[in-house]
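Text of target-v7.csv (CSV, C-alpha atoms) as supplied:
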chain,number,residue,atom,x,y,z
U,1,MET,CA,0.0,0.0,0.0
U,2,LYS,CA,1.3,3.4,-0.9
U,3,ARG,CA,1.9,5.8,2.0
U,4,SER,CA,1.1,9.4,1.1
U,5,ILE,CA,2.5,12.5,2.7
U,6,VAL,CA,2.0,16.2,2.3
U,7,PHE,CA,4.9,18.7,2.4
U,8,ALA,CA,6.5,21.7,0.8
U,9,VAL,CA,7.5,21.3,-2.8
U,10,ILE,CA,11.2,22.0,-3.2
U,11,ALA,CA,12.7,22.7,0.2
U,12,LEU,CA,11.5,19.5,1.9
U,13,LEU,CA,12.0,17.3,-1.2
U,14,LEU,CA,15.6,18.1,-1.6
U,15,PHE,CA,17.0,19.4,1.7
U,16,SER,CA,14.3,18.9,4.4
U,17,TYR,CA,14.4,22.6,5.3
U,18,ARG,CA,11.8,24.0,7.6
U,19,THR,CA,10.4,27.0,5.6
U,20,VAL,CA,6.9,26.0,4.4
U,21,TYR,CA,4.3,28.0,2.5
U,22,ALA,CA,0.7,27.0,2.5
U,23,SER,CA,0.2,27.6,-1.2
U,24,GLU,CA,3.0,25.2,-2.1
U,25,PHE,CA,1.8,22.0,-0.5
U,26,ILE,CA,1.6,18.9,-2.8
U,27,LYS,CA,0.9,15.2,-2.4
U,28,ALA,CA,3.7,12.8,-2.7
U,29,TYR,CA,4.3,9.1,-2.3
U,30,LEU,CA,7.3,7.2,-0.9
U,31,PHE,CA,9.0,5.6,-3.8
U,32,PRO,CA,10.9,2.4,-2.7
U,33,VAL,CA,13.5,2.2,-5.4
U,34,GLN,CA,17.3,1.9,-5.4
U,35,LEU,CA,19.8,4.4,-6.8
U,36,GLU,CA,22.4,3.3,-9.3
U,37,VAL,CA,25.3,5.7,-10.0
U,38,ASN,CA,27.9,4.9,-12.6
U,39,SER,CA,26.8,1.2,-12.5
U,40,GLN,CA,27.0,1.0,-8.7
U,41,ILE,CA,24.1,0.6,-6.4
U,42,LYS,CA,24.1,3.4,-3.8
U,43,PRO,CA,22.1,2.4,-0.7
U,44,LEU,CA,20.3,5.4,0.8
U,45,PRO,CA,21.1,6.4,4.4
U,46,GLN,CA,18.1,6.4,6.7
U,47,GLU,CA,17.8,10.2,6.7
U,48,TYR,CA,17.0,10.2,2.9
U,49,GLN,CA,13.9,9.2,1.0
U,50,ILE,CA,12.9,9.1,-2.7
U,51,PHE,CA,9.4,10.4,-3.5
U,52,ASN,CA,7.0,10.0,-6.5
U,53,VAL,CA,5.2,13.2,-7.4
U,54,ASN,CA,2.9,13.1,-10.4
U,55,GLY,CA,4.9,10.3,-11.9
U,56,HIS,CA,8.3,12.0,-11.4
U,57,ALA,CA,11.0,10.7,-9.0
U,58,TYR,CA,12.3,13.3,-6.5
U,59,VAL,CA,15.7,12.3,-5.2
U,60,PRO,CA,18.0,13.8,-2.5
U,61,VAL,CA,20.2,16.1,-4.6
U,62,ARG,CA,22.9,16.3,-2.0
U,63,TYR,CA,23.3,12.5,-1.8
U,64,VAL,CA,23.2,12.0,-5.5
U,65,SER,CA,25.6,14.8,-6.3
U,66,GLU,CA,28.1,13.7,-3.7
U,67,SER,CA,27.9,10.1,-4.9
U,68,MET,CA,29.1,11.5,-8.3
U,69,GLY,CA,32.0,13.3,-6.7
U,70,GLN,CA,30.4,16.8,-6.7
U,71,GLY,CA,29.6,19.3,-4.0
U,72,VAL,CA,26.3,20.9,-3.1
U,73,ARG,CA,25.3,24.0,-1.2
U,74,TYR,CA,22.1,26.0,-0.7
U,75,ASP,CA,22.2,29.8,-0.8
U,76,GLU,CA,19.2,30.7,1.3
U,77,LYS,CA,19.4,34.4,0.5
U,78,ASN,CA,19.2,33.9,-3.3
U,79,GLN,CA,17.3,30.6,-3.0
U,80,VAL,CA,19.8,28.8,-5.2
U,81,ILE,CA,20.9,25.2,-5.0
U,82,SER,CA,24.4,25.1,-6.3
U,83,ILE,CA,26.2,21.9,-7.6
U,84,ALA,CA,29.9,22.1,-8.4
U,85,SER,CA,32.7,19.8,-9.3
U,86,ASP,CA,35.9,19.7,-7.3
U,87,PRO,CA,38.4,22.2,-9.0
U,88,LYS,CA,41.2,19.7,-8.6
U,89,GLU,CA,43.6,21.6,-10.9
U,90,ALA,CA,43.0,25.0,-9.2
U,91,ASP,CA,45.3,26.7,-6.8
U,92,GLU,CA,45.4,26.0,-3.0
U,93,LEU,CA,43.2,28.9,-2.0
U,94,THR,CA,40.5,28.1,-4.6
U,95,ARG,CA,40.3,24.5,-3.6
U,96,PHE,CA,40.2,25.4,0.1
U,97,ILE,CA,37.3,27.8,-0.5
U,98,TRP,CA,35.4,25.1,-2.5
U,99,LYS,CA,35.8,22.5,0.2
U,100,ASN,CA,34.4,24.9,2.7
U,101,GLN,CA,31.5,25.9,0.6
U,102,TYR,CA,30.6,22.5,-0.8
U,103,LYS,CA,32.0,19.8,1.5
U,104,LEU,CA,32.2,21.2,5.0
U,105,ASP,CA,29.4,19.6,7.1
U,106,TYR,CA,28.4,19.9,10.7
U,107,ARG,CA,28.4,16.1,11.0
U,108,LEU,CA,32.1,15.9,10.4
U,109,SER,CA,34.4,14.8,13.3
U,110,GLN,CA,37.6,16.7,14.1
U,111,SER,CA,39.7,14.1,12.4
U,112,ASP,CA,37.5,13.9,9.3
U,113,LEU,CA,37.6,17.7,9.0
U,114,LYS,CA,41.4,17.8,9.1
U,115,LYS,CA,41.4,15.0,6.5
U,116,LEU,CA,39.0,17.0,4.2
U,117,LEU,CA,41.0,20.2,4.5
U,118,GLU,CA,44.3,18.4,4.3
U,119,ARG,CA,45.8,20.4,7.2
U,120,ASN,CA,45.8,21.1,10.9
U,121,PRO,CA,44.6,24.4,12.3
U,122,GLN,CA,47.2,27.0,13.0
U,123,VAL,CA,45.6,28.0,16.3
U,124,VAL,CA,43.6,26.0,18.8
U,125,LYS,CA,42.2,27.4,22.0
U,126,LYS,CA,39.8,26.1,24.6
U,127,ASN,CA,36.6,28.1,25.0
U,128,ASN,CA,34.5,28.8,28.1
U,129,GLU,CA,32.0,26.1,27.3
U,130,GLY,CA,34.5,23.3,27.4
U,131,GLY,CA,34.9,23.1,23.6
U,132,GLU,CA,37.5,24.6,21.3
U,133,HIS,CA,38.1,27.4,18.8
U,134,TRP,CA,40.1,26.6,15.7
U,135,ARG,CA,41.6,28.9,13.1
U,136,PHE,CA,43.0,27.9,9.7
U,137,ASP,CA,45.2,30.3,7.8
U,138,VAL,CA,45.5,29.6,4.0
U,139,LYS,CA,48.0,31.0,1.5
U,140,ALA,CA,49.7,32.9,4.4
U,141,ALA,CA,53.1,34.6,4.1
U,142,SER,CA,56.0,32.6,5.7
U,143,ASP,CA,56.4,35.3,8.4
U,144,TYR,CA,52.6,35.7,9.0
U,145,ARG,CA,51.6,36.1,12.6
U,146,TYR,CA,48.2,36.9,14.0
U,147,ALA,CA,47.2,36.4,17.6
U,148,SER,CA,43.3,36.4,17.7
U,149,ILE,CA,41.5,33.1,17.5
U,150,GLU,CA,38.0,34.7,17.2
U,151,GLN,CA,38.5,37.9,15.2
U,152,VAL,CA,39.5,38.0,11.5
U,153,ASP,CA,42.6,39.8,10.3
U,154,GLU,CA,40.9,42.2,7.8
U,155,ALA,CA,44.1,44.1,7.1
U,156,GLY,CA,46.1,40.9,6.5
U,157,LEU,CA,43.5,39.8,4.0
U,158,LEU,CA,43.4,43.0,2.1
U,159,GLU,CA,47.2,43.3,2.0
U,160,GLY,CA,47.6,39.8,0.8
U,161,LYS,CA,49.4,38.5,3.9
U,162,VAL,CA,46.8,35.7,4.1
U,163,GLY,CA,44.3,34.5,1.5
U,164,ALA,CA,41.7,33.1,3.8
U,165,GLN,CA,40.9,32.5,7.4
U,166,LEU,CA,38.5,29.7,8.6
U,167,PHE,CA,37.1,29.9,12.1
U,168,LEU,CA,35.5,26.8,13.7
U,169,THR,CA,33.9,26.4,17.1
U,170,TRP,CA,33.5,23.0,18.7
U,171,ASP,CA,31.2,22.2,21.6
U,172,SER,CA,32.2,20.2,24.7
U,173,ASN,CA,31.1,17.0,23.0
U,174,GLY,CA,33.5,17.5,20.0
U,175,LYS,CA,30.6,18.5,17.7
U,176,LEU,CA,30.9,21.5,15.2
U,177,ALA,CA,28.9,24.5,16.5
U,178,LYS,CA,30.0,27.3,14.1
U,179,ILE,CA,31.6,27.6,10.7
U,180,ASN,CA,32.8,31.0,9.5
U,181,LEU,CA,35.2,31.6,6.5
U,182,TRP,CA,36.7,34.9,5.4
U,183,TYR,CA,38.6,35.1,2.1
U,184,THR,CA,39.6,37.6,-0.6
U,185,LYS,CA,38.5,37.7,-4.2
U,186,LEU,CA,39.1,40.2,-7.0
U,187,ASN,CA,35.6,40.1,-8.4
U,188,GLY,CA,36.8,42.0,-11.5
U,189,GLU,CA,38.1,44.8,-9.3
U,190,LYS,CA,41.7,46.0,-9.1
U,191,GLN,CA,41.6,45.7,-5.3
U,192,PRO,CA,40.6,42.5,-3.6
U,193,GLN,CA,37.3,42.3,-1.7
U,194,ILE,CA,36.7,40.4,1.5
U,195,HIS,CA,34.0,37.7,1.3
U,196,VAL,CA,32.3,36.2,4.4
U,197,PHE,CA,30.9,32.7,4.1
U,198,ASN,CA,28.8,31.2,6.8
U,199,ALA,CA,27.4,27.6,6.9
U,200,PHE,CA,24.6,26.7,9.3
U,201,PRO,CA,23.5,23.4,10.9
U,202,ASP,CA,20.3,23.3,8.8
U,203,GLY,CA,22.3,23.1,5.6
U,204,THR,CA,21.8,26.7,4.5
U,205,THR,CA,24.7,29.0,3.6
U,206,THR,CA,25.4,32.7,3.1
U,207,ASP,CA,28.2,34.3,1.1
U,208,SER,CA,28.5,38.1,1.1
U,209,ILE,CA,31.0,40.9,0.4
U,210,TYR,CA,32.2,42.5,3.6
U,211,GLU,CA,31.7,46.3,3.6
Write the structure described by the file as structure tokens, please.
Amino acid sequence: MKRSIVFAVIALLLFSYRTVYASEFIKAYLFPVQLEVNSQIKPLPQEYQIFNVNGHAYVPVRYVSESMGQGVRYDEKNQVISIASDPKEADELTRFIWKNQYKLDYRLSQSDLKKLLERNPQVVKKNNEGGEHWRFDVKAASDYRYASIEQVDEAGLLEGKVGAQLFLTWDSNGKLAKINLWYTKLNGEKQPQIHVFNAFPDGTTTDSIYE
């Protein structure tokens, strides 16, 4: 027997986000099928489901994309789901930014995060809640020094002394509690501009120019 459920059209089908609008409710059915990616069956984790809506299969875009070696992020401000391949041939800074925007996940352990970013943090400090603050400096000058673990070095970014700074906060249980990335980009301008990227536990992200 088919089980029917009612939910918001795009947000819940793809990312299970909480924002729901009454005018966008539809009827969908659980679709008990298997996914095959490049001739390999990819069993779905328990948190994912496939649905049938008007004869069309709706699959979890994050799981499918990552199974094909791509990254996914959701820009809540512009309401854009972005899928991008790993820029493997790009420079160190570009690849680091991509990993933060498309691969960094609140479910990662500390060891998995270091493996993903292929480096250890430059600075580690205990916080008042029993967790830790981490800071990663990327494309930094050999003599670069900066003391703060919680505040970004705006001057260093603009002067090219460091290309990006990633700030992570861990709770007392070793779980990620905050992700904040600052980096520079030319954006067609003669002078670099500072970008601020934030990722949130619900899967949404923001990326804006710092004024």
task = Give me the residues within 10 Å of stretch 151-167 of chain U as a VMD selection string, counting all atoms listed in the file and dropping any in the same chain fewer than 3 places off.
result = chain U and resid 92 to 94 96 to 97 100 121 123 133 to 148 178 to 185 191 to 198 210
ask   = In Å, with one decimal, what is the gap from atom CA of U:Glu132 to atom CA of U:Arg119?
value =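 Separation between atom CA of U:Glu132 and atom CA of U:Arg119: 16.9 Å.
The two atoms in question, atom CA of U:Ala84 and atom CA of U:Gln110, are spaced 24.4 Å apart.
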query = Neighbours of stretch 50-57 of chain U within 8 Å (only C-alpha atoms; same-chain residues fewer than 2 positions away dropped), as a VMD selection string?
reply = chain U and resid 13 27 to 33 48 59 to 60
task = May I have the residues at most 9 Å from (19.2, 6.2, -4.2) in the file's coordinates, counting all atoms listed in the file, as a list in words?
result =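 Residues with an atom close enough to that point: Val33, Gln34, Leu35, Glu36, Val37, Ile41, Lys42, Pro43, Leu44, Pro45, Tyr48, Gln49, Ile50, Val59, Pro60, Tyr63 and Val64 of chain U.
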message = Can you measure atom CA of U:Gly130 to atom CA of U:Lys175 for me? One decimal in Å is fine.
response =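 Between these atoms lies a distance of 11.5 Å.
Closest approach to U:Glu150 among U:Leu108, U:Leu168, U:Ile81, U:Leu176: U:Leu168, based on all atoms listed in the file.
Remark: for U:Phe200, the closest of the candidate residues U:Val124, U:Ala177, U:Leu113, U:Ala90 is U:Ala177 (distances computed over only C-alpha atoms).
Candidate residues U:Arg73, U:Leu117, U:Leu186, U:Lys126 were compared for distance to U:Gln101, and the nearest is U:Arg73, using only C-alpha atoms.
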